[in-house]
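Enquirer: Pasting a structure below so you can have a look.
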Amino acid sequence: MSRFIIVLASILVLSGCVSLNSVSLTQVPHERNNLINAAAHDWLFLGFTSQNDFVDEAINSLKNQCKGGKLTGILTKHQTTAYVLVFKREVIASGYCHKA
Amino acid sequence: MQKIVSIGVLLLLAGCARLDHVQISDIDQSQGTLSPISVKVSEFGVELAVVADVTSRLASNQNTQKYVKELRDILALINMGPRTGNPVYNDNYAENVLEQLYVQCPTGKLTGLRSIREAKSYGPVSGEIVRLDAYCIL
């Protein structure tokens with residue numbers, strides 16, 4: 001029984017394969033002191049979903065961390081991790097916040 | 001007939017969102033109040049090889065089945081290669097998105113642009129979507 005659990009756990013862990021869907025970077029500022037990060041994700045079973053709203057969470061998080069400032073040098077990654085029958089979609093963003 | 005209804009129901013229920021590309025641009029919150037705006041354009045996409053495959057399964061005549069399967073193989077070969085989503089018949093559908101954004105922003109000052117390439121799939125057909133979200137600085 002324990003052998004079965006170990007094999008199953010190994011399959012589940014090893015099956016997490018990441019594919020990078022897109023990467024983008026905007027103009028990087030001269031002053032790079034205040035790096036902020038944001039990420040948002042959702043889980044899909046068998047790849048079925050009816051919306052892509054989780055992207056907005058990353059934007060809102062970036063905005064909230066740099067209120068009244070200017071956010072530049074934004075690196076955006078969109079990636080998907082495949083587990084057994086389950087997929088994790090992620091948007092990971094980072095940028096430099098400059099407040100006058 | 002029951003077969004067609006079942007396939008139709010399956011296709012409708014399979015309406016699935018796909019996300020291909022996300023790009024976030026600089027966000028400037030120091031110039032004024034931000035008002036969210038959005039533009040979405042969509043084009044009909046179709047995977048003809050899958051349509052031919054379904055047709056061949058539905059055909060009762062064996063000769064027709066054979067002919068449609070050959071057609072399916074030819075279509076699959078024609079559309080082989082790297083691509084994003086289903087093929088569309090109009091490659092200009094996303095050209096005026098910037099003008100449409102400016103229409104929604106009277107001050108003309110945009111920030112926080114997000115370029116999103118996504119789709120709604122219904123089996124072999126799909127809506128191939130380009131969405132631009134942004135903030136208008138008021």
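Ordering of the structure tokens sets the chain letters (A, B, ...), residue numbers begin anew at 1 in every chain, and ligands are numbered from 1 in the order given.
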Give me the residues within 12 Å of Asp53 (chain A) as a list in words, counting only C-alpha atoms and dropping any in the same chain fewer than 3 places off.
Expert: Ala40, His41, Asp42, Thr49, Ser50, Asp56, Glu57, Ala58, Ile59, Asn60, Arg89, Glu90 and Val91 of chain A; Ala17, Arg18, Leu19, Val22, Ile116 and Glu118 of chain B
Enquirer: Keeping only N, CA and C atoms, write those residues as a PDB file, in the first residue's frame.
Expert:
ATOM      1  N   ALA A  40      -0.939  35.989 -10.234  1.00  0.00           N
ATOM      2  CA  ALA A  40      -2.322  35.508 -10.140  1.00  0.00           C
ATOM      3  C   ALA A  40      -2.404  34.176 -10.863  1.00  0.00           C
ATOM      4  N   HIS A  41      -3.259  33.306 -10.384  1.00  0.00           N
ATOM      5  CA  HIS A  41      -3.371  32.006 -11.039  1.00  0.00           C
ATOM      6  C   HIS A  41      -4.791  31.451 -10.926  1.00  0.00           C
ATOM      7  N   ASP A  42      -5.074  30.490 -11.749  1.00  0.00           N
ATOM      8  CA  ASP A  42      -6.292  29.706 -11.559  1.00  0.00           C
ATOM      9  C   ASP A  42      -6.016  28.244 -11.904  1.00  0.00           C
ATOM     10  N   THR A  49     -12.408  25.778 -18.812  1.00  0.00           N
ATOM     11  CA  THR A  49     -12.722  27.023 -18.104  1.00  0.00           C
ATOM     12  C   THR A  49     -13.553  27.896 -19.020  1.00  0.00           C
ATOM     13  N   SER A  50     -14.262  28.834 -18.437  1.00  0.00           N
ATOM     14  CA  SER A  50     -15.082  29.707 -19.279  1.00  0.00           C
ATOM     15  C   SER A  50     -14.620  31.159 -19.205  1.00  0.00           C
ATOM     16  N   ASP A  56      -6.724  39.887 -14.264  1.00  0.00           N
ATOM     17  CA  ASP A  56      -7.005  41.190 -13.641  1.00  0.00           C
ATOM     18  C   ASP A  56      -6.464  41.284 -12.218  1.00  0.00           C
ATOM     19  N   GLU A  57      -6.402  40.138 -11.528  1.00  0.00           N
ATOM     20  CA  GLU A  57      -5.890  40.142 -10.149  1.00  0.00           C
ATOM     21  C   GLU A  57      -4.435  40.626 -10.101  1.00  0.00           C
ATOM     22  N   ALA A  58      -3.655  40.202 -11.081  1.00  0.00           N
ATOM     23  CA  ALA A  58      -2.244  40.618 -11.120  1.00  0.00           C
ATOM     24  C   ALA A  58      -2.136  42.127 -11.349  1.00  0.00           C
ATOM     25  N   ILE A  59      -2.983  42.643 -12.242  1.00  0.00           N
ATOM     26  CA  ILE A  59      -2.960  44.088 -12.532  1.00  0.00           C
ATOM     27  C   ILE A  59      -3.322  44.878 -11.278  1.00  0.00           C
ATOM     28  N   ASN A  60      -4.404  44.455 -10.624  1.00  0.00           N
ATOM     29  CA  ASN A  60      -4.857  45.175  -9.429  1.00  0.00           C
ATOM     30  C   ASN A  60      -3.803  45.144  -8.325  1.00  0.00           C
ATOM     31  N   ARG A  89      -2.773  27.791 -14.459  1.00  0.00           N
ATOM     32  CA  ARG A  89      -2.398  28.911 -15.337  1.00  0.00           C
ATOM     33  C   ARG A  89      -1.966  30.076 -14.450  1.00  0.00           C
ATOM     34  N   GLU A  90      -0.858  30.697 -14.807  1.00  0.00           N
ATOM     35  CA  GLU A  90      -0.314  31.768 -13.968  1.00  0.00           C
ATOM     36  C   GLU A  90       0.090  32.979 -14.797  1.00  0.00           C
ATOM     37  N   VAL A  91      -0.132  34.136 -14.236  1.00  0.00           N
ATOM     38  CA  VAL A  91       0.457  35.360 -14.772  1.00  0.00           C
ATOM     39  C   VAL A  91       1.323  35.945 -13.664  1.00  0.00           C
TER      40      VAL A  91
ATOM     41  N   ALA B  17     -12.784  28.709 -22.555  1.00  0.00           N
ATOM     42  CA  ALA B  17     -11.915  29.873 -22.757  1.00  0.00           C
ATOM     43  C   ALA B  17     -10.467  29.423 -22.879  1.00  0.00           C
ATOM     44  N   ARG B  18      -9.741  30.096 -23.758  1.00  0.00           N
ATOM     45  CA  ARG B  18      -8.324  29.797 -23.925  1.00  0.00           C
ATOM     46  C   ARG B  18      -7.550  31.097 -23.785  1.00  0.00           C
ATOM     47  N   LEU B  19      -6.395  31.046 -23.130  1.00  0.00           N
ATOM     48  CA  LEU B  19      -5.565  32.247 -22.978  1.00  0.00           C
ATOM     49  C   LEU B  19      -4.216  31.977 -23.631  1.00  0.00           C
ATOM     50  N   VAL B  22      -0.433  37.289 -22.723  1.00  0.00           N
ATOM     51  CA  VAL B  22      -0.751  38.429 -21.854  1.00  0.00           C
ATOM     52  C   VAL B  22       0.446  39.364 -21.836  1.00  0.00           C
ATOM     53  N   ILE B 116      -4.221  41.253 -24.627  1.00  0.00           N
ATOM     54  CA  ILE B 116      -4.582  39.873 -24.296  1.00  0.00           C
ATOM     55  C   ILE B 116      -5.088  39.149 -25.544  1.00  0.00           C
ATOM     56  N   GLU B 118      -6.867  35.807 -26.616  1.00  0.00           N
ATOM     57  CA  GLU B 118      -7.610  34.707 -26.024  1.00  0.00           C
ATOM     58  C   GLU B 118      -8.630  34.180 -27.025  1.00  0.00           C
TER      59      GLU B 118
END
Enquirer: If you take only C-alpha atoms and a cut-off of 9 Å, which residues of chain A touch chain B, and what are their nearest atom pairs and distances in Å to one decimal, in chain and number order, as CSV?
Expert:
residue,atom,partner,partner_atom,distance
A:Asn21,CA,B:Asp20,CA,6.5
A:Ser22,CA,B:His21,CA,5.5
A:Val23,CA,B:Gln23,CA,7.4
A:Ser24,CA,B:Gln23,CA,5.9
A:Leu25,CA,B:Ser25,CA,7.9
A:Thr26,CA,B:Ser25,CA,6.1
A:Gln27,CA,B:Asp26,CA,8.1
A:Gly47,CA,B:Cys16,CA,8.4
A:Phe48,CA,B:Cys16,CA,5.9
A:Thr49,CA,B:Cys16,CA,5.4
A:Ser50,CA,B:Ala17,CA,4.7
A:Gln51,CA,B:Ala17,CA,5.5
A:Asn52,CA,B:Leu19,CA,6.7
A:Val55,CA,B:Val22,CA,8.1
A:Ile59,CA,B:Ile24,CA,8.0
A:Leu62,CA,B:Ile27,CA,8.6
A:Lys63,CA,B:Ile27,CA,7.4
A:Cys66,CA,B:Gln29,CA,7.8
A:Lys67,CA,B:Gln29,CA,6.5
A:Gly68,CA,B:Ser30,CA,4.7
A:Gly69,CA,B:Ser30,CA,5.0
A:Lys70,CA,B:Asp28,CA,4.3
A:Leu71,CA,B:Ile27,CA,5.0
A:Thr72,CA,B:Asp26,CA,4.8
A:Gly73,CA,B:Asp26,CA,7.0
A:Ile74,CA,B:Asp26,CA,6.4
A:Leu75,CA,B:Ile24,CA,7.8
A:Thr76,CA,B:Gln23,CA,6.1
A:Lys77,CA,B:Val22,CA,7.6
A:His78,CA,B:Val22,CA,6.4
A:Arg89,CA,B:Leu19,CA,8.9
A:Val91,CA,B:Val22,CA,7.8
A:Ala93,CA,B:Ile24,CA,8.1
A:Gly95,CA,B:Asp26,CA,8.4
A:Lys99,CA,B:Ser30,CA,7.9
A:Ala100,CA,B:Ser30,CA,8.3
Enquirer: Would you put the residues from that selection into a file with N, CA and C atoms, as a tab-separated table (two decimals), in the first residue's frame?
Expert:
chain	number	residue	atom	x	y	z
A	21	ASN	N	4.04	30.41	-21.94
A	21	ASN	CA	3.21	30.82	-23.07
A	21	ASN	C	3.65	32.14	-23.67
A	22	SER	N	3.97	33.11	-22.81
A	22	SER	CA	4.44	34.39	-23.35
A	22	SER	C	5.25	35.16	-22.31
A	23	VAL	N	6.15	35.99	-22.80
A	23	VAL	CA	6.98	36.84	-21.94
A	23	VAL	C	7.02	38.22	-22.59
A	24	SER	N	6.91	39.26	-21.79
A	24	SER	CA	7.07	40.61	-22.34
A	24	SER	C	7.74	41.51	-21.31
A	25	LEU	N	8.43	42.53	-21.80
A	25	LEU	CA	9.14	43.47	-20.92
A	25	LEU	C	8.98	44.87	-21.49
A	26	THR	N	8.67	45.81	-20.60
A	26	THR	CA	8.55	47.20	-21.06
A	26	THR	C	9.83	47.96	-20.72
A	27	GLN	N	9.88	49.21	-21.13
A	27	GLN	CA	11.07	50.05	-20.94
A	27	GLN	C	11.55	50.04	-19.49
A	47	GLY	N	-8.51	21.12	-18.29
A	47	GLY	CA	-8.34	22.26	-19.18
A	47	GLY	C	-9.61	23.06	-19.44
A	48	PHE	N	-10.71	22.72	-18.75
A	48	PHE	CA	-11.97	23.43	-19.02
A	48	PHE	C	-12.09	24.68	-18.16
A	49	THR	N	-12.41	25.78	-18.81
A	49	THR	CA	-12.72	27.02	-18.10
A	49	THR	C	-13.55	27.90	-19.02
A	50	SER	N	-14.26	28.83	-18.44
A	50	SER	CA	-15.08	29.71	-19.28
A	50	SER	C	-14.62	31.16	-19.21
A	51	GLN	N	-13.56	31.43	-18.43
A	51	GLN	CA	-13.13	32.83	-18.29
A	51	GLN	C	-11.61	32.93	-18.08
A	52	ASN	N	-11.08	34.13	-18.33
A	52	ASN	CA	-9.66	34.40	-18.09
A	52	ASN	C	-9.50	35.58	-17.12
A	55	VAL	N	-6.35	37.18	-14.73
A	55	VAL	CA	-5.31	38.12	-15.16
A	55	VAL	C	-5.47	39.47	-14.45
A	59	ILE	N	-2.98	42.64	-12.24
A	59	ILE	CA	-2.96	44.09	-12.53
A	59	ILE	C	-3.32	44.88	-11.28
A	62	LEU	N	-0.54	44.91	-8.76
A	62	LEU	CA	0.53	45.85	-9.16
A	62	LEU	C	0.13	47.28	-8.85
A	63	LYS	N	-1.11	47.62	-9.22
A	63	LYS	CA	-1.59	48.99	-8.99
A	63	LYS	C	-1.60	49.34	-7.50
A	66	CYS	N	1.70	50.29	-5.91
A	66	CYS	CA	2.39	51.51	-6.37
A	66	CYS	C	1.38	52.64	-6.52
A	67	LYS	N	0.62	52.89	-5.46
A	67	LYS	CA	-0.42	53.92	-5.52
A	67	LYS	C	0.21	55.30	-5.67
A	68	GLY	N	-0.27	56.05	-6.62
A	68	GLY	CA	0.23	57.41	-6.84
A	68	GLY	C	1.59	57.46	-7.51
A	69	GLY	N	2.12	56.32	-7.91
A	69	GLY	CA	3.45	56.29	-8.53
A	69	GLY	C	3.41	55.81	-9.96
A	70	LYS	N	4.61	55.66	-10.52
A	70	LYS	CA	4.72	55.22	-11.91
A	70	LYS	C	5.44	53.88	-11.93
A	71	LEU	N	4.79	52.92	-12.55
A	71	LEU	CA	5.32	51.55	-12.58
A	71	LEU	C	5.89	51.29	-13.97
A	72	THR	N	7.20	51.04	-14.05
A	72	THR	CA	7.84	50.80	-15.35
A	72	THR	C	8.71	49.54	-15.29
A	73	GLY	N	9.24	49.17	-16.42
A	73	GLY	CA	10.08	47.96	-16.50
A	73	GLY	C	9.30	46.72	-16.11
A	74	ILE	N	8.09	46.61	-16.62
A	74	ILE	CA	7.22	45.50	-16.21
A	74	ILE	C	7.54	44.24	-17.00
A	75	LEU	N	7.94	43.21	-16.27
A	75	LEU	CA	8.19	41.91	-16.88
A	75	LEU	C	6.95	41.04	-16.63
A	76	THR	N	6.35	40.58	-17.69
A	76	THR	CA	5.14	39.75	-17.57
A	76	THR	C	5.41	38.36	-18.11
A	77	LYS	N	5.10	37.36	-17.30
A	77	LYS	CA	5.22	35.97	-17.77
A	77	LYS	C	3.85	35.30	-17.67
A	78	HIS	N	3.51	34.60	-18.71
A	78	HIS	CA	2.28	33.81	-18.67
A	78	HIS	C	2.68	32.36	-18.85
A	89	ARG	N	-2.77	27.79	-14.46
A	89	ARG	CA	-2.40	28.91	-15.34
A	89	ARG	C	-1.97	30.08	-14.45
A	91	VAL	N	-0.13	34.14	-14.24
A	91	VAL	CA	0.46	35.36	-14.77
A	91	VAL	C	1.32	35.94	-13.66
A	93	ALA	N	4.03	38.96	-12.73
A	93	ALA	CA	4.50	40.26	-13.21
A	93	ALA	C	5.36	40.93	-12.15
A	95	GLY	N	7.75	44.80	-11.57
A	95	GLY	CA	8.08	46.10	-12.16
A	95	GLY	C	8.68	47.02	-11.12
A	99	LYS	N	8.02	56.75	-7.13
A	99	LYS	CA	7.13	57.79	-6.61
A	99	LYS	C	7.91	59.08	-6.47
A	100	ALA	N	7.33	60.15	-6.98
A	100	ALA	CA	8.01	61.45	-6.96
A	100	ALA	C	8.05	62.01	-5.54
Enquirer: I'd like the interatomic distance between CA of His30 (chain A) and CA of Ser94 (chain A), to a tenth of an Å.
Expert: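 Spanning CA of His30 (chain A) to CA of Ser94 (chain A) is a straight-line distance of 15.8 Å.
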Enquirer: Step one, run DSSP on the backbone; step two, keep only residues of chain A assigned to alpha helix (DSSP H); then write them as a list of chain:residue names.
Expert: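 Selection result, alpha helix (DSSP H) within chain A: A:Ser2, A:Arg3, A:Phe4, A:Ile5, A:Ile6, A:Val7, A:Leu8, A:Ala9, A:Ser10, A:Ile11, A:Leu12, A:Val13, A:Leu14, A:Phe54, A:Val55, A:Asp56, A:Glu57, A:Ala58, A:Ile59, A:Asn60, A:Ser61, A:Leu62, A:Lys63, A:Asn64, A:Gln65.
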Enquirer: For the residues in the current selection, export C-alpha atoms as a short mmCIF file (atom, residue, chain, number, x, y, z; two decimals), in the first residue's frame.
Expert:
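Once everything was written out, this is part.cif:
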data_model
loop_
_atom_site.label_atom_id
_atom_site.label_comp_id
_atom_site.auth_asym_id
_atom_site.auth_seq_id
_atom_site.Cartn_x
_atom_site.Cartn_y
_atom_site.Cartn_z
CA SER A 2 2.74 2.45 1.02
CA ARG A 3 4.63 1.56 -2.19
CA PHE A 4 1.56 2.42 -4.22
CA ILE A 5 1.24 5.79 -2.45
CA ILE A 6 4.94 6.56 -3.03
CA VAL A 7 4.67 5.70 -6.74
CA LEU A 8 1.49 7.77 -7.09
CA ALA A 9 3.05 10.74 -5.26
CA SER A 10 6.18 10.49 -7.45
CA ILE A 11 4.06 10.51 -10.61
CA LEU A 12 2.09 13.52 -9.37
CA VAL A 13 5.22 15.49 -8.43
CA LEU A 14 7.21 14.60 -11.54
CA PHE A 54 -7.61 35.85 -13.09
CA VAL A 55 -5.31 38.12 -15.16
CA ASP A 56 -7.01 41.19 -13.64
CA GLU A 57 -5.89 40.14 -10.15
CA ALA A 58 -2.24 40.62 -11.12
CA ILE A 59 -2.96 44.09 -12.53
CA ASN A 60 -4.86 45.17 -9.43
CA SER A 61 -2.09 43.88 -7.19
CA LEU A 62 0.53 45.85 -9.16
CA LYS A 63 -1.59 48.99 -8.99
CA ASN A 64 -2.18 48.66 -5.27
CA GLN A 65 1.53 48.29 -4.53
#
